[in-house]
file start.cif (mmCIF, C-alpha atoms)
data_start
#
loop_
_atom_site.group_PDB
_atom_site.id
_atom_site.type_symbol
_atom_site.label_atom_id
_atom_site.label_comp_id
_atom_site.auth_asym_id
_atom_site.auth_seq_id
_atom_site.Cartn_x
_atom_site.Cartn_y
_atom_site.Cartn_z
ATOM 1 C CA MET C 1185 89.860 29.799 -5.393
ATOM 2 C CA LYS C 1186 86.166 28.913 -5.149
ATOM 3 C CA THR C 1187 86.017 27.900 -8.801
ATOM 4 C CA LYS C 1188 89.024 25.634 -8.322
ATOM 5 C CA ILE C 1189 87.364 23.877 -5.387
ATOM 6 C CA LEU C 1190 84.096 23.655 -7.308
ATOM 7 C CA LYS C 1191 85.881 22.056 -10.268
ATOM 8 C CA ILE C 1192 87.536 19.497 -7.983
ATOM 9 C CA VAL C 1193 84.237 18.631 -6.289
ATOM 10 C CA LEU C 1194 82.480 18.375 -9.662
ATOM 11 C CA ASN C 1195 85.200 16.101 -11.044
ATOM 12 C CA ILE C 1196 85.005 13.822 -8.002
ATOM 13 C CA PHE C 1197 81.211 13.716 -8.323
ATOM 14 C CA LEU C 1198 81.377 12.819 -12.011
ATOM 15 C CA ILE C 1199 83.978 10.115 -11.393
ATOM 16 C CA LEU C 1200 81.852 8.549 -8.656
ATOM 17 C CA GLN C 1201 78.744 8.736 -10.852
ATOM 18 C CA SER C 1202 80.553 6.942 -13.671
ATOM 19 C CA LEU C 1203 81.511 4.138 -11.291
ATOM 20 C CA SER C 1204 77.853 3.231 -10.783
ATOM 21 C CA THR C 1205 78.169 0.927 -13.786
ATOM 22 C CA TYR C 1206 80.750 -1.122 -11.892
ATOM 23 C CA SER C 1207 78.892 -1.318 -8.620
ATOM 24 C CA GLN C 1208 75.238 -1.713 -9.545
ATOM 25 C CA ASP C 1209 75.012 -3.439 -12.928
ATOM 26 C CA TYR C 1210 76.102 -6.771 -11.518
ATOM 27 C CA GLU C 1211 73.465 -6.949 -8.837
ATOM 28 C CA PRO C 1212 72.131 -10.501 -8.576
ATOM 29 C CA ARG C 1213 68.529 -11.018 -9.619
ATOM 30 C CA GLY C 1214 65.974 -13.053 -7.744
ATOM 31 C CA ARG C 1215 65.800 -13.812 -4.044
ATOM 32 C CA TYR C 1216 68.305 -12.524 -1.514
ATOM 33 C CA TYR C 1217 70.133 -15.112 0.546
ATOM 34 C CA PRO C 1218 72.098 -13.535 3.427
ATOM 35 C CA GLU C 1219 74.690 -16.313 3.453
ATOM 36 C CA ASP C 1220 75.469 -15.682 -0.234
ATOM 37 C CA GLU C 1221 78.496 -13.420 -0.637
ATOM 38 C CA ASN C 1222 77.622 -12.415 -4.202
ATOM 39 C CA ILE C 1223 76.162 -8.936 -3.716
ATOM 40 C CA GLY C 1224 77.166 -7.532 -7.068
ATOM 41 C CA LEU C 1225 80.443 -5.941 -5.979
ATOM 42 C CA PRO C 1226 84.032 -7.151 -6.229
ATOM 43 C CA SER C 1227 85.188 -9.233 -3.284
ATOM 44 C CA LEU C 1228 86.685 -7.326 -0.373
ATOM 45 C CA GLY C 1229 90.005 -9.116 -0.830
ATOM 46 C CA LEU C 1230 90.239 -7.984 -4.437
ATOM 47 C CA ALA C 1231 89.135 -4.457 -3.534
ATOM 48 C CA GLY C 1232 91.721 -4.214 -0.744
ATOM 49 C CA LYS C 1233 94.578 -5.496 -2.885
ATOM 50 C CA SER C 1234 93.636 -3.258 -5.792
ATOM 51 C CA LEU C 1235 93.400 -0.236 -3.501
ATOM 52 C CA ILE C 1236 96.887 -0.889 -2.120
ATOM 53 C CA ILE C 1237 98.357 -1.389 -5.610
ATOM 54 C CA GLY C 1238 96.529 1.671 -6.919
ATOM 55 C CA ALA C 1239 97.685 3.859 -4.026
ATOM 56 C CA VAL C 1240 101.308 2.755 -4.420
ATOM 57 C CA LEU C 1241 101.295 3.398 -8.181
ATOM 58 C CA PHE C 1242 99.560 6.747 -7.667
ATOM 59 C CA ILE C 1243 102.147 7.874 -5.084
ATOM 60 C CA ILE C 1244 105.104 6.701 -7.191
ATOM 61 C CA GLY C 1245 103.688 8.467 -10.253
ATOM 62 C CA TRP C 1246 103.083 11.636 -8.241
ATOM 63 C CA ILE C 1247 106.668 11.616 -6.928
ATOM 64 C CA ILE C 1248 108.109 10.988 -10.393
ATOM 65 C CA SER C 1249 106.060 13.777 -11.936
ATOM 66 C CA LYS C 1250 107.106 16.234 -9.206
ATOM 67 C CA ILE C 1251 110.824 15.358 -9.363
ATOM 68 C CA LYS C 1252 111.116 15.580 -13.147
ATOM 69 C CA LYS C 1253 111.741 19.150 -14.330
ATOM 70 C CA ASP C 1254 112.567 20.336 -17.808
ATOM 71 C CA GLU C 1255 114.812 23.219 -18.819
ATOM 72 C CA ASN C 1256 111.921 25.712 -18.620
ATOM 73 C CA GLY C 1257 111.268 24.872 -14.977
ATOM 74 C CA ASN C 1258 107.982 23.081 -15.686
ATOM 75 C CA SER C 1259 107.407 19.945 -13.688
ATOM 76 C CA GLY C 1260 105.664 16.801 -14.788
ATOM 77 C CA SER C 1261 106.409 13.722 -16.841
ATOM 78 C CA THR C 1262 104.516 11.400 -19.110
ATOM 79 C CA PHE C 1263 105.719 8.327 -17.223
ATOM 80 C CA GLY C 1264 104.556 9.767 -13.897
ATOM 81 C CA GLY C 1265 101.196 10.671 -15.401
ATOM 82 C CA CYS C 1266 100.820 7.162 -16.801
ATOM 83 C CA LEU C 1267 101.574 5.650 -13.393
ATOM 84 C CA ILE C 1268 98.975 7.927 -11.802
ATOM 85 C CA MET C 1269 96.332 6.824 -14.324
ATOM 86 C CA ILE C 1270 97.226 3.141 -13.916
ATOM 87 C CA GLY C 1271 96.930 3.600 -10.139
ATOM 88 C CA ILE C 1272 93.466 5.106 -10.545
ATOM 89 C CA ILE C 1273 92.402 2.291 -12.865
ATOM 90 C CA CYS C 1274 93.734 -0.324 -10.429
ATOM 91 C CA ALA C 1275 91.703 1.218 -7.618
ATOM 92 C CA ILE C 1276 88.365 0.917 -9.476
ATOM 93 C CA PRO C 1277 87.120 -2.166 -7.523
ATOM 94 C CA ALA C 1278 87.638 -0.296 -4.230
ATOM 95 C CA LEU C 1279 86.069 2.837 -5.686
ATOM 96 C CA ALA C 1280 83.039 0.750 -6.676
ATOM 97 C CA TRP C 1281 82.606 -0.174 -3.007
ATOM 98 C CA ILE C 1282 82.964 3.474 -1.993
ATOM 99 C CA GLN C 1283 80.404 4.506 -4.613
ATOM 100 C CA ALA C 1284 77.937 1.830 -3.460
ATOM 101 C CA ILE C 1285 78.320 2.928 0.165
ATOM 102 C CA GLY C 1286 77.936 6.583 -0.864
ATOM 103 C CA ALA C 1287 74.814 5.757 -2.880
ATOM 104 C CA SER C 1288 73.320 3.968 0.134
ATOM 105 C CA ILE C 1289 74.072 6.933 2.405
ATOM 106 C CA TYR C 1290 72.576 9.284 -0.212
ATOM 107 C CA ILE C 1291 69.354 7.243 -0.423
ATOM 108 C CA ILE C 1292 69.057 7.094 3.370
ATOM 109 C CA GLY C 1293 69.627 10.880 3.541
ATOM 110 C CA VAL C 1294 66.915 11.537 0.963
ATOM 111 C CA VAL C 1295 64.453 9.326 2.836
ATOM 112 C CA VAL C 1296 65.273 11.058 6.136
ATOM 113 C CA LEU C 1297 64.815 14.493 4.542
ATOM 114 C CA VAL C 1298 61.445 13.470 3.088
ATOM 115 C CA ILE C 1299 60.312 12.159 6.483
ATOM 116 C CA ILE C 1300 61.471 15.350 8.216
ATOM 117 C CA GLY C 1301 59.689 17.426 5.568
ATOM 118 C CA ILE C 1302 56.449 15.503 6.109
ATOM 119 C CA LEU C 1303 56.755 15.853 9.898
ATOM 120 C CA VAL C 1304 57.372 19.620 9.613
ATOM 121 C CA TYR C 1305 54.389 19.966 7.280
ATOM 122 C CA VAL C 1306 52.129 18.000 9.637
ATOM 123 C CA TRP C 1307 53.466 19.943 12.655
ATOM 124 C CA ASP C 1308 52.698 23.248 10.920
ATOM 125 C CA LYS C 1309 49.153 22.055 10.073
ATOM 126 C CA ILE C 1310 48.544 21.023 13.691
ATOM 127 C CA ASN C 1311 49.812 24.362 15.058
ATOM 128 C CA ASP C 1312 47.713 26.402 12.560
ATOM 129 C CA LYS C 1313 44.454 24.971 13.993
#
call {"tool": "encode", "arguments": {"input": "start.cif", "output": "structure tokens"}}
result
Amino acid sequence: MKTKILKIVLNIFLILQSLSTYSQDYEPRGRYYPEDENIGLPSLGLAGKSLIIGAVLFIIGWIISKIKKDENGNSGSTFGGCLIMIGIICAIPALAWIQAIGASIYIIGVVVLVIIGILVYVWDKINDK
């Protein structure tokens, strides 16, 4: 059971890491203008529409693959699997936003941990005197 969960977490991590090419390679160079909407990610309208289309295709593919059974009792279908993959591909713009937000949270967490580590180290040095 633990290995199954670990495999799922590792797959999700690898998928999100591979999406960094979509979210960070198109970062604009030069000065930052707050009124400029070009921040290197797909527009929110496109991301929202693609997420809805991707979720619908994913759900339809999942239902088709669960309904289809062959004579051996195995479930699954090629058409359902294709719909699931197309749904995942359609959701890439939204996943790029999620990856960029996750990367920002990760960076903030690392900075906070470094600051806490420095404060603990300084606190220990003060209490040792």
call {"tool": "residues_near_point", "arguments": {"input": "start.cif", "point": "(93.3, -5.2, -1.2)", "cutoff": "10 Å", "atoms": "all atoms listed in the file", "output": "PyMOL selection string"}}
result
chain C and resi 1227-1238+1275+1277-1278
call {"tool": "atom_distance", "arguments": {"input": "start.cif", "atom1": "CA of Asn1195 in chain C", "atom2": "CA of Val1295 in chain C"}}
result
25.9 Å
call {"tool": "resolve_selection", "arguments": {"input": "start.cif", "expression": "the PyMOL selection byres ((chain C and resi 1267) around 10)", "output": "PyMOL selection string"}}
result
chain C and resi 1238+1240-1246+1248-1249+1262-1266+1268-1273
call {"tool": "atom_distance", "arguments": {"input": "start.cif", "atom1": "CA of Ala1284 in chain C", "atom2": "CA of Ala1239 in chain C"}}
result
19.9 Å
call {"tool": "axis_aligned_box", "arguments": {"input": "start.cif", "around": "range 1271-1282 of chain C", "padding_each_side": "4 Å", "output": "lines of an AutoDock Vina configuration file"}}
result
center_x = 89.8
center_y = 1.5
center_z = -7.4
size_x = 22.3
size_y = 15.3
size_z = 18.9
call {"tool": "atom_distance", "arguments": {"input": "start.cif", "atom1": "CA of Gln1283 in chain C", "atom2": "CA of Ile1302 in chain C"}}
result
28.5 Å
